[in-house]
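Visitor: So here's run22.txt (compact mmCIF, C-alpha atoms).
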```txt
# COMPACT_ATOMS: atom_id res chain seq x y z
CA PRO A 13 33.87 -2.73 21.66
CA LEU A 14 31.36 0.07 20.99
CA ASN A 15 32.32 1.92 24.16
CA ALA A 16 36.00 1.52 23.27
CA TYR A 17 35.36 2.80 19.75
CA LEU A 18 33.41 5.83 20.98
CA LEU A 19 36.21 6.70 23.40
CA ALA A 20 39.33 5.83 21.40
CA ASN A 21 37.99 5.93 17.81
CA GLU A 22 40.41 3.15 16.84
CA PRO A 23 39.35 1.16 13.74
CA LYS A 24 40.07 -2.20 15.41
CA TYR A 25 37.12 -1.77 17.75
CA LYS A 26 34.78 -1.02 14.86
CA ARG A 27 36.04 -4.12 13.03
CA TRP A 28 35.46 -6.19 16.16
CA LEU A 29 31.86 -5.00 16.43
CA VAL A 30 31.06 -5.30 12.71
CA ASP A 31 32.65 -8.75 12.35
CA TYR A 32 30.65 -9.95 15.35
CA MET A 33 27.34 -8.67 13.99
CA ASP A 34 28.03 -9.86 10.46
CA ALA A 35 28.49 -13.34 11.89
CA TRP A 36 25.01 -13.11 13.38
CA LEU A 37 23.58 -11.94 10.06
CA GLU A 38 25.04 -15.06 8.47
CA ARG A 39 23.49 -17.26 11.17
CA MET A 40 20.12 -15.61 10.55
CA LYS A 41 20.50 -16.30 6.85
CA GLN A 42 21.17 -19.98 7.61
CA ASN A 43 18.10 -20.10 9.86
CA GLY A 44 15.40 -18.78 7.56
CA GLY A 45 15.94 -15.16 8.55
CA ILE A 46 15.37 -15.76 12.29
CA ILE A 47 18.16 -15.16 14.76
CA PRO A 48 18.99 -18.43 16.54
CA SER A 49 19.28 -18.48 20.31
CA TYR A 50 21.56 -21.52 20.29
CA VAL A 51 24.75 -21.94 18.28
CA ALA A 52 27.13 -24.81 19.03
CA LEU A 53 30.77 -24.21 19.87
CA ASP A 54 31.75 -25.34 16.38
CA GLY A 55 29.58 -22.58 14.93
CA LYS A 56 26.74 -24.81 13.73
CA VAL A 57 23.36 -23.15 14.20
CA GLY A 58 21.31 -25.28 16.58
CA GLY A 59 24.06 -27.86 17.04
CA PRO A 60 23.76 -31.45 15.78
CA GLU A 61 20.07 -31.64 16.81
CA ASN A 62 19.19 -28.31 15.12
CA ARG A 63 17.82 -26.91 18.36
CA TRP A 64 18.26 -23.33 17.12
CA TRP A 65 15.57 -22.20 19.53
CA GLY A 66 17.37 -23.53 22.65
CA ASN A 67 19.31 -21.93 25.50
CA ALA A 68 18.25 -20.03 28.60
CA TYR A 69 16.13 -17.03 27.61
CA GLY A 70 16.04 -18.29 24.04
CA TRP A 71 13.08 -18.80 21.71
CA GLY A 72 11.93 -21.87 23.63
CA PHE A 73 12.60 -20.74 27.21
CA SER A 74 9.34 -21.24 29.13
CA PRO A 75 10.25 -22.25 32.69
CA ILE A 76 7.85 -22.79 35.58
CA ASN A 77 7.75 -19.87 37.98
CA PRO A 78 8.44 -21.40 41.41
CA VAL A 79 6.36 -18.70 43.09
CA THR A 80 3.17 -19.15 41.05
CA GLY A 81 3.67 -22.68 39.78
CA ARG A 82 2.73 -21.53 36.28
CA ARG A 83 4.77 -21.82 33.12
CA GLU A 84 5.92 -18.46 31.73
CA ASP A 85 7.37 -17.51 28.35
CA ARG A 86 10.62 -15.69 29.02
CA THR A 87 12.41 -15.24 25.73
CA ARG A 88 14.88 -12.36 25.75
CA ILE A 89 15.32 -12.14 21.99
CA PRO A 90 14.50 -8.36 22.11
CA ARG A 91 17.84 -7.76 23.81
CA ALA A 92 19.58 -8.71 20.58
CA LEU A 93 18.40 -5.35 19.23
CA VAL A 94 21.33 -3.73 21.03
CA GLY A 95 23.84 -5.36 18.68
CA PHE A 96 21.93 -4.30 15.57
CA ALA A 97 21.70 -0.74 16.88
CA ASN A 98 25.43 -0.64 17.56
CA ALA A 99 26.31 -1.92 14.10
CA LEU A 100 24.06 0.68 12.48
CA LEU A 101 25.61 3.43 14.61
CA VAL A 102 29.18 2.73 13.52
CA THR A 103 28.45 1.93 9.86
CA GLY A 104 25.17 3.62 8.89
CA ASP A 105 24.49 0.41 6.93
CA GLN A 106 20.78 -0.30 6.61
CA ARG A 107 21.33 -4.03 6.08
CA TYR A 108 21.24 -4.47 9.86
CA VAL A 109 17.80 -2.87 9.85
CA ASP A 110 16.79 -5.00 6.87
CA ALA A 111 17.72 -8.17 8.77
CA TRP A 112 15.50 -7.38 11.74
CA ARG A 113 12.64 -6.32 9.47
CA ALA A 114 12.93 -9.61 7.60
CA MET A 115 12.86 -11.50 10.92
CA ILE A 116 9.60 -9.82 11.95
CA ASP A 117 8.05 -10.95 8.66
CA ALA A 118 9.55 -14.44 9.00
CA VAL A 119 8.06 -14.99 12.47
CA ASN A 120 4.65 -13.73 11.41
CA SER A 121 4.69 -15.95 8.32
CA HIS A 122 4.04 -18.87 10.69
CA ALA A 123 0.65 -17.49 11.76
CA ARG A 124 -2.29 -19.86 12.03
CA THR A 125 -6.07 -19.46 11.89
CA VAL A 126 -8.15 -20.76 14.80
CA GLY A 127 -11.91 -20.31 14.86
CA GLY A 128 -11.72 -17.81 12.05
CA ARG A 129 -9.13 -15.70 13.90
CA LYS A 130 -5.52 -15.34 12.94
CA GLU A 131 -2.95 -16.01 15.64
CA TYR A 132 0.75 -15.22 15.60
CA PRO A 133 3.56 -17.09 17.41
CA THR A 134 6.01 -15.59 19.87
CA MET A 135 7.96 -18.71 20.91
CA HIS A 136 9.46 -21.85 19.34
CA GLY A 137 10.30 -25.18 20.94
CA ALA A 138 10.67 -28.89 20.21
CA ASP A 139 7.08 -29.08 18.98
CA GLY A 140 7.32 -26.00 16.78
CA TRP A 141 5.87 -22.53 17.22
CA TYR A 142 3.77 -21.60 20.26
CA GLY A 143 2.94 -18.66 22.52
CA TRP A 144 0.13 -17.59 20.24
CA GLN A 145 -1.36 -14.10 20.30
CA GLN A 146 -3.89 -12.24 18.18
CA LYS A 147 -1.60 -9.42 17.10
CA PRO A 148 1.46 -9.86 14.87
CA TRP A 149 4.84 -10.34 16.52
CA ASP A 150 6.22 -6.80 16.51
CA ILE A 151 9.36 -6.91 18.63
CA GLY A 152 11.70 -4.26 17.21
CA ALA A 153 9.05 -2.75 14.92
CA LEU A 154 9.48 0.70 16.49
CA GLU A 155 13.25 0.47 16.17
CA VAL A 156 13.06 -0.62 12.51
CA TRP A 157 10.81 2.34 11.66
CA TYR A 158 12.96 4.79 13.63
CA TRP A 159 16.20 3.56 12.07
CA SER A 160 14.88 3.43 8.51
CA MET A 161 12.30 6.27 8.53
CA ARG A 162 10.46 4.39 5.77
CA ASP A 163 6.72 4.89 5.41
CA SER A 164 6.42 1.17 4.68
CA ASP A 165 7.76 0.35 8.16
CA ARG A 166 5.24 2.56 9.95
CA PRO A 167 2.25 0.12 9.92
CA ARG A 168 4.15 -2.47 11.96
CA VAL A 169 4.42 -0.01 14.84
CA GLY A 170 0.65 0.36 15.22
CA ARG A 171 -0.73 2.78 17.80
CA ASN A 172 2.04 4.76 19.46
CA GLY A 173 1.43 8.10 21.16
CA TRP A 174 4.91 9.48 20.49
CA VAL A 175 4.96 8.49 16.80
CA GLU A 176 1.46 9.89 16.33
CA PHE A 177 2.65 13.16 17.89
CA LEU A 178 5.53 13.31 15.40
CA GLU A 179 2.98 12.79 12.64
CA GLY A 180 0.90 15.73 13.90
CA LYS A 181 -2.00 13.50 14.98
CA ASN A 182 -1.56 13.71 18.76
CA PRO A 183 -0.69 17.31 19.65
CA GLY A 184 -1.42 16.93 23.36
CA TYR A 185 0.99 14.04 23.84
CA PRO A 186 3.88 15.99 25.46
CA GLU A 187 1.70 17.47 28.20
CA THR A 188 -0.18 14.21 28.76
CA VAL A 189 2.83 11.93 29.02
CA LEU A 190 4.94 14.29 31.14
CA LYS A 191 2.01 14.83 33.53
CA LYS A 192 1.62 11.07 33.78
CA ASP A 193 5.32 10.63 34.55
CA LEU A 194 5.28 13.31 37.23
CA GLU A 195 2.19 11.84 38.88
CA SER A 196 3.78 8.40 38.96
CA ILE A 197 6.69 9.56 41.15
CA PRO A 198 4.82 9.89 44.48
CA ARG A 199 2.87 6.68 43.77
CA LYS A 200 6.05 4.68 43.26
CA LEU A 201 7.72 6.23 46.28
CA GLU A 202 4.73 5.25 48.40
CA LYS A 203 4.89 1.67 47.09
CA MET A 204 8.58 1.64 47.96
CA ARG A 205 7.84 2.70 51.54
CA LEU A 206 5.11 0.07 51.88
CA ASP A 207 7.18 -2.77 50.42
CA PRO A 208 6.98 -5.59 53.01
CA LEU A 209 10.04 -7.45 51.72
CA THR A 210 13.29 -7.43 53.66
CA PRO A 211 16.85 -7.31 52.30
CA GLU A 212 17.04 -11.06 52.93
CA THR A 213 13.87 -11.85 50.93
CA ARG A 214 13.96 -9.18 48.23
CA LEU A 215 15.17 -10.29 44.80
CA ALA A 216 17.19 -7.96 42.59
CA ASP A 217 14.26 -7.52 40.20
CA ASN A 218 11.71 -6.73 42.90
CA ALA A 219 12.77 -3.11 43.22
CA MET A 220 12.41 -2.30 39.52
CA GLU A 221 8.69 -1.56 39.74
CA PHE A 222 9.40 1.11 42.35
CA ASN A 223 11.92 3.10 40.28
CA PRO A 224 10.46 6.64 40.29
CA GLY A 225 12.62 7.90 37.44
CA ASP A 226 11.26 7.24 33.95
CA MET A 227 13.17 9.14 31.28
CA THR A 228 11.42 7.61 28.26
CA ALA A 229 9.24 10.61 27.41
CA LEU A 230 12.04 13.14 27.96
CA VAL A 231 14.41 11.20 25.69
CA GLN A 232 11.76 10.97 22.98
CA LEU A 233 10.57 14.56 23.21
CA MET A 234 13.87 16.39 23.77
CA TRP A 235 16.29 14.32 21.70
CA GLY A 236 13.90 12.74 19.20
CA ALA A 237 15.44 9.46 20.29
CA LEU A 238 14.65 5.95 21.46
CA PRO A 239 15.51 5.52 25.15
CA PRO A 240 18.55 3.29 25.78
CA GLY A 241 16.54 1.12 28.19
CA ARG A 242 18.18 -1.28 30.64
CA GLU A 243 19.59 -3.79 28.16
CA GLY A 244 22.92 -2.02 27.74
CA SER A 245 22.01 0.10 24.73
CA VAL A 246 23.28 3.58 23.93
CA LEU A 247 21.80 6.66 22.24
CA SER A 248 21.96 4.96 18.85
CA GLY A 249 20.72 7.23 16.11
CA ALA A 250 19.38 9.93 18.43
CA ARG A 251 18.56 12.99 16.34
CA LEU A 252 19.77 15.66 18.74
CA ARG A 253 21.80 16.05 21.89
CA TYR A 254 22.49 19.22 23.86
CA PHE A 255 25.49 20.61 25.70
CA ASP A 256 26.04 23.54 28.03
CA PRO A 257 29.06 25.50 26.70
CA VAL A 258 29.30 27.64 29.83
CA ARG A 259 29.37 24.84 32.42
CA ARG A 260 31.15 22.51 29.96
CA ARG A 261 28.81 19.59 30.50
CA ALA A 262 26.27 17.51 28.62
CA GLY A 263 22.61 18.52 28.84
CA VAL A 264 20.64 21.69 28.32
CA PRO A 265 21.62 24.73 30.42
CA ALA A 266 19.38 25.78 33.27
CA ASP A 267 16.07 27.31 32.13
CA VAL A 268 16.38 25.93 28.57
CA GLY A 269 13.63 23.70 27.19
CA ALA A 270 13.63 21.63 24.02
CA LEU A 271 10.87 19.84 22.12
CA VAL A 272 11.38 17.72 19.01
CA SER A 273 8.06 17.75 17.18
CA GLU A 274 8.79 16.23 13.77
CA LEU A 275 11.16 13.66 12.28
CA THR A 276 11.73 12.58 8.69
CA ALA A 277 14.56 10.70 7.03
CA ASP A 278 16.47 13.94 6.43
CA SER A 279 15.01 16.57 8.77
CA THR A 280 14.29 17.32 12.42
CA VAL A 281 12.04 20.05 13.79
CA VAL A 282 12.88 21.30 17.29
CA THR A 283 11.72 24.21 19.44
CA LEU A 284 14.19 25.77 21.86
CA VAL A 285 13.15 28.23 24.57
CA ASN A 286 14.85 30.16 27.35
CA LEU A 287 12.47 30.33 30.29
CA ASN A 288 14.63 32.81 32.17
CA PRO A 289 13.15 36.33 31.75
CA THR A 290 16.37 38.20 32.54
CA VAL A 291 19.41 36.03 31.70
CA PRO A 292 20.46 34.91 28.19
CA ARG A 293 21.46 31.30 27.63
CA SER A 294 23.65 29.45 25.13
CA VAL A 295 23.13 25.85 24.11
CA VAL A 296 25.13 23.62 21.77
CA VAL A 297 22.96 21.42 19.55
CA GLN A 298 24.62 18.26 18.26
CA ALA A 299 23.49 16.05 15.36
CA GLY A 300 23.14 12.63 16.96
CA GLY A 301 23.92 11.26 20.40
CA TYR A 302 27.57 10.91 19.36
CA GLY A 303 27.81 13.35 16.45
CA GLU A 304 27.09 10.57 13.96
CA HIS A 305 24.75 12.79 11.91
CA GLN A 306 25.51 15.99 10.00
CA PHE A 307 23.52 19.23 9.94
CA LEU A 308 23.17 20.72 6.47
CA MET A 309 20.88 23.74 6.96
CA ALA A 310 18.73 25.42 9.58
CA GLU A 311 15.51 27.29 8.83
CA VAL A 312 14.09 29.68 11.44
CA GLY A 313 11.18 31.98 10.71
CA GLY A 314 11.57 31.60 6.96
CA ARG A 315 15.28 32.37 7.07
CA THR A 316 17.71 29.62 6.02
CA THR A 317 21.29 29.33 7.30
CA PRO A 318 23.84 26.85 5.88
CA LEU A 319 25.51 24.75 8.59
CA ASN A 320 27.45 21.76 7.23
CA ALA A 321 28.51 20.75 10.74
CA ARG A 322 27.64 18.18 13.35
CA ALA A 323 27.12 20.80 16.05
CA PHE A 324 26.25 24.48 16.33
CA THR A 325 25.57 26.97 19.11
CA VAL A 326 22.27 28.77 19.66
CA GLN A 327 22.13 32.05 21.57
CA LEU A 328 18.81 32.46 23.37
CA ALA A 329 17.86 35.93 24.60
CA PRO A 330 15.95 36.22 27.89
CA GLY A 331 12.48 34.77 27.48
CA ALA A 332 13.15 33.96 23.82
CA GLY A 333 12.44 30.86 21.81
CA ALA A 334 12.00 29.64 18.25
CA LYS A 335 11.14 26.60 16.17
CA MET A 336 13.95 25.36 13.93
CA SER A 337 13.73 23.03 10.97
CA LEU A 338 17.05 21.25 10.59
CA THR A 339 18.01 19.52 7.36
CA MET A 340 20.48 16.74 8.07
CA LYS A 341 22.22 13.68 6.73
CA ARG A 342 21.99 10.73 9.07
CA TYR A 343 24.95 8.47 9.87
CA ALA A 344 27.37 10.69 7.97
CA ASN A 345 30.12 10.85 10.62
CA GLN A 346 32.21 8.59 12.79
CA PRO A 347 30.47 8.51 16.19
CA THR A 348 32.48 9.69 19.17
CA ALA A 349 31.97 10.23 22.89
CA GLN A 350 33.98 13.47 22.74
CA PHE A 351 32.10 16.62 23.58
CA PRO A 352 31.78 19.22 20.79
CA TRP A 353 34.46 21.57 22.15
CA ASP A 354 36.97 18.70 22.36
CA ARG A 355 36.64 17.88 18.67
CA LYS A 356 38.31 19.56 15.71
CA ASP A 357 35.15 19.77 13.60
```
Take the structure from the file and write it as structure tokens.
Guide:
Amino acid sequence: PLNAYLLANEPKYKRWLVDYMDAWLERMKQNGGIIPSYVALDGKVGGPENRWWGNAYGWGFSPINPVTGRREDRTRIPRALVGFANALLVTGDQRYVDAWRAMIDAVNSHARTVGGRKEYPTMHGADGWYGWQQKPWDIGALEVWYWSMRDSDRPRVGRNGWVEFLEGKNPGYPETVLKKDLESIPRKLEKMRLDPLTPETRLADNAMEFNPGDMTALVQLMWGALPPGREGSVLSGARLRYFDPVRRRAGVPADVGALVSELTADSTVVTLVNLNPTVPRSVVVQAGGYGEHQFLMAEVGGRTTPLNARAFTVQLAPGAGAKMSLTMKRYANQPTAQFPWDRKD
């Protein structure tokens, strides 16, 4: 429904998505704030036996790995984040963020103390909570902070190189992480070449560790966004997105670099540069991955320009660049997959 809504912008698809997610919010409310992984066909959370933690890849899914013979915890609850992100994207309603925040606190409220140390659960089965670890359960903590931009949500994230860079505490992060990503490419390619498995013995998941393309750092640093990942997510809430008005495509034009260095609830700081010493470049800057945000003003070199738009064009002279502070209102517009020049705004 989200893809249909982004493409067709018909209200029925938004209603479909919101009704679906609101039903899950109600189930969480019935289950002490924790999203159930099993709901019976009649809609009862946990069914007649109240096994709310059941189902494959649910809260209590700890099968034995046939290869190692060891039991492994394989909950896939984090994938539910996609639905919350989608609902926030189309409504801008923070109650979807509130629900996940409350779930983090609800899970950690079941912590125990063993030998003077506090332990936190990650799984739940017939005998109650298990899968204990020494750090709080923090699945979705980064997303909650990014979506809310509340200072009170920051402690749950803990140490995070990208977030610390945005806070001005880790200035070398862009160079460090991009160097690391580049160096990983030949290593992964070599592992791929040395892989002894054959097409008949290789599982679908086996090849994932060899994927040489990791876009996480580029998405964070260029768009000020959370990477979509491989769970079916989209660019939900991304601060910026770029388009090439000359070639009429998404992405920065050749020779153009972008670095988002600061995020707050209502502002984004980005540096744009044209690395070409002889040819000027033009780049369209959009507020949000799908134009869901709205630019209010831009400040460059002490000069402020009113915008009141969800996209604007920057002309970059040869070898030129500048840092821009963009004041914006998040989730102010209906998201759309249309490119800026195909819209009326």
Visitor: Given only C-alpha atoms as the basis, pick out the residue of A:Leu271, A:Ala332, A:Ala262, A:Met135 nearest to A:Val285.
Guide: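 Going through A:Leu271, A:Ala332, A:Ala262, A:Met135 one by one, the smallest distance to A:Val285 is for A:Ala332.
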Visitor: With 12 Å as the threshold, what does the neighbourhood of (8.8, 42.9, 33.2) contain in terms of residues, counting only C-alpha atoms? Coordinates are those of the file; answer as an NGL selection string.
Guide: :A and (288-290 or 330-331)
Visitor: Please produce a file of those selected residues containing C-alpha atoms, as a JSON list (two decimals), keeping the file's coordinate frame.
Guide:
```json
[["chain", "number", "residue", "atom", "x", "y", "z"],
["A", 288, "ASN", "CA", 14.63, 32.81, 32.17],
["A", 289, "PRO", "CA", 13.15, 36.33, 31.75],
["A", 290, "THR", "CA", 16.37, 38.20, 32.54],
["A", 330, "PRO", "CA", 15.95, 36.22, 27.89],
["A", 331, "GLY", "CA", 12.48, 34.77, 27.48]]
```
Visitor: Could you check the closest approach to A:Glu84 for each of A:Gly72, A:Ala16, A:Ser337, A:Ala229 and tell me which residue wins, using all atoms listed in the file?
Guide: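 Smallest separation from A:Glu84 among the options: A:Gly72.
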Visitor: Within 7 Å of A:Ser279, counting all atoms listed in the file, which residues show up once you throw out same-chain ones fewer than 5 positions away? Write them as a PyMOL selection string, please.
Guide: chain A and resi 337-340
Visitor: Atom CA of A:Arg251 and atom CA of A:Ala237, how far apart in Å?
Guide: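 Atom CA of A:Arg251 lies at a distance of 6.1 Å from atom CA of A:Ala237.
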Visitor: Using all atoms listed in the file, which of the listed residues (A:Arg162, A:Arg293, A:Arg63, A:Arg253) sits closest to A:Gly333?
Guide: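 The answer is A:Arg293, which sits nearest to A:Gly333.
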Visitor: Would you list the contacts of A:Leu247 as a PDB file with C-alpha atoms, in the frame of the given file, taking every protein, DNA or RNA residue within 8 Å and counting all atoms listed in the file, but skipping same-chain residues closer than 2 positions in sequence?
Guide:
```
ATOM      1  CA  ALA A 237      15.440   9.460  20.290  1.00  0.00           C
ATOM      2  CA  LEU A 238      14.650   5.950  21.460  1.00  0.00           C
ATOM      3  CA  PRO A 239      15.510   5.520  25.150  1.00  0.00           C
ATOM      4  CA  PRO A 240      18.550   3.290  25.780  1.00  0.00           C
ATOM      5  CA  SER A 245      22.010   0.100  24.730  1.00  0.00           C
ATOM      6  CA  GLY A 249      20.720   7.230  16.110  1.00  0.00           C
ATOM      7  CA  ALA A 250      19.380   9.930  18.430  1.00  0.00           C
ATOM      8  CA  GLY A 301      23.920  11.260  20.400  1.00  0.00           C
ATOM      9  CA  TYR A 302      27.570  10.910  19.360  1.00  0.00           C
TER      10      TYR A 302
END
```
Visitor: Just the residues within 10 Å of A:Asn43, please, counting only C-alpha atoms, with nothing from its chain fewer than 3 positions along; format it as a list in words.
Guide: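 Using only C-alpha atoms, the neighbours found are Leu37, Glu38, Arg39, Met40, Ile46, Ile47, Pro48, Val57, Gly58, Asn62 and Trp64 of chain A.
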Visitor: Can you tell me which residues surround A:Ala344 at a distance of at most 12 Å, considering only C-alpha atoms, apart from same-chain residues fewer than 3 positions away, and format the answer as a short mmCIF file (atom, residue, chain, number, x, y, z; two decimals) with C-alpha atoms, in the frame of the given file?
Guide:
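Below is the file result22.cif, written as the result:
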```cif
data_model
loop_
_atom_site.label_atom_id
_atom_site.label_comp_id
_atom_site.auth_asym_id
_atom_site.auth_seq_id
_atom_site.Cartn_x
_atom_site.Cartn_y
_atom_site.Cartn_z
CA LEU A 100 24.06 0.68 12.48
CA LEU A 101 25.61 3.43 14.61
CA VAL A 102 29.18 2.73 13.52
CA THR A 103 28.45 1.93 9.86
CA GLY A 104 25.17 3.62 8.89
CA ASP A 105 24.49 0.41 6.93
CA GLY A 249 20.72 7.23 16.11
CA ASP A 278 16.47 13.94 6.43
CA ALA A 299 23.49 16.05 15.36
CA GLY A 300 23.14 12.63 16.96
CA TYR A 302 27.57 10.91 19.36
CA GLY A 303 27.81 13.35 16.45
CA GLU A 304 27.09 10.57 13.96
CA HIS A 305 24.75 12.79 11.91
CA GLN A 306 25.51 15.99 10.00
CA PHE A 307 23.52 19.23 9.94
CA LEU A 308 23.17 20.72 6.47
CA ASN A 320 27.45 21.76 7.23
CA ALA A 321 28.51 20.75 10.74
CA ARG A 322 27.64 18.18 13.35
CA MET A 340 20.48 16.74 8.07
CA LYS A 341 22.22 13.68 6.73
CA PRO A 347 30.47 8.51 16.19
#
```
Visitor: Of the candidates A:Trp159, A:Phe351, A:Tyr132, A:Tyr50, which shows the shortest atom-to-atom distance to A:Ser248, using only C-alpha atoms?
Guide: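 Among A:Trp159, A:Phe351, A:Tyr132, A:Tyr50, it is A:Trp159 that comes nearest to A:Ser248.
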Visitor: Of the candidates A:Asp226, A:Asp150, A:Asp34, A:Glu187, which shows the shortest atom-to-atom distance to A:Arg171, using all atoms listed in the file?
Guide: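 Closest candidate: A:Asp150.
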Visitor: So which one's closest to A:Val156, A:Arg113, A:Arg199, A:Lys56, A:Arg124? Using all atoms listed in the file, please.
Guide: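 Ranked by minimum distance to A:Val156, first place goes to A:Arg113.
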Visitor: State, in Å with one decimal place, the distance from atom CA of A:Tyr158 to atom CA of A:Ala277.
Guide: 9.0 Å
Visitor: Could you tell me how far atom CA of A:Leu19 lies from atom CA of A:Ala349, in Å and to one decimal?
Guide: 5.5 Å
Visitor: Could you name the residues that touch A:Thr316 at 10 Å or less, counting all atoms listed in the file, but leaving out those on the same chain fewer than 4 positions away, as a ChimeraX atom specification?
Guide: /A:309-312,336-338
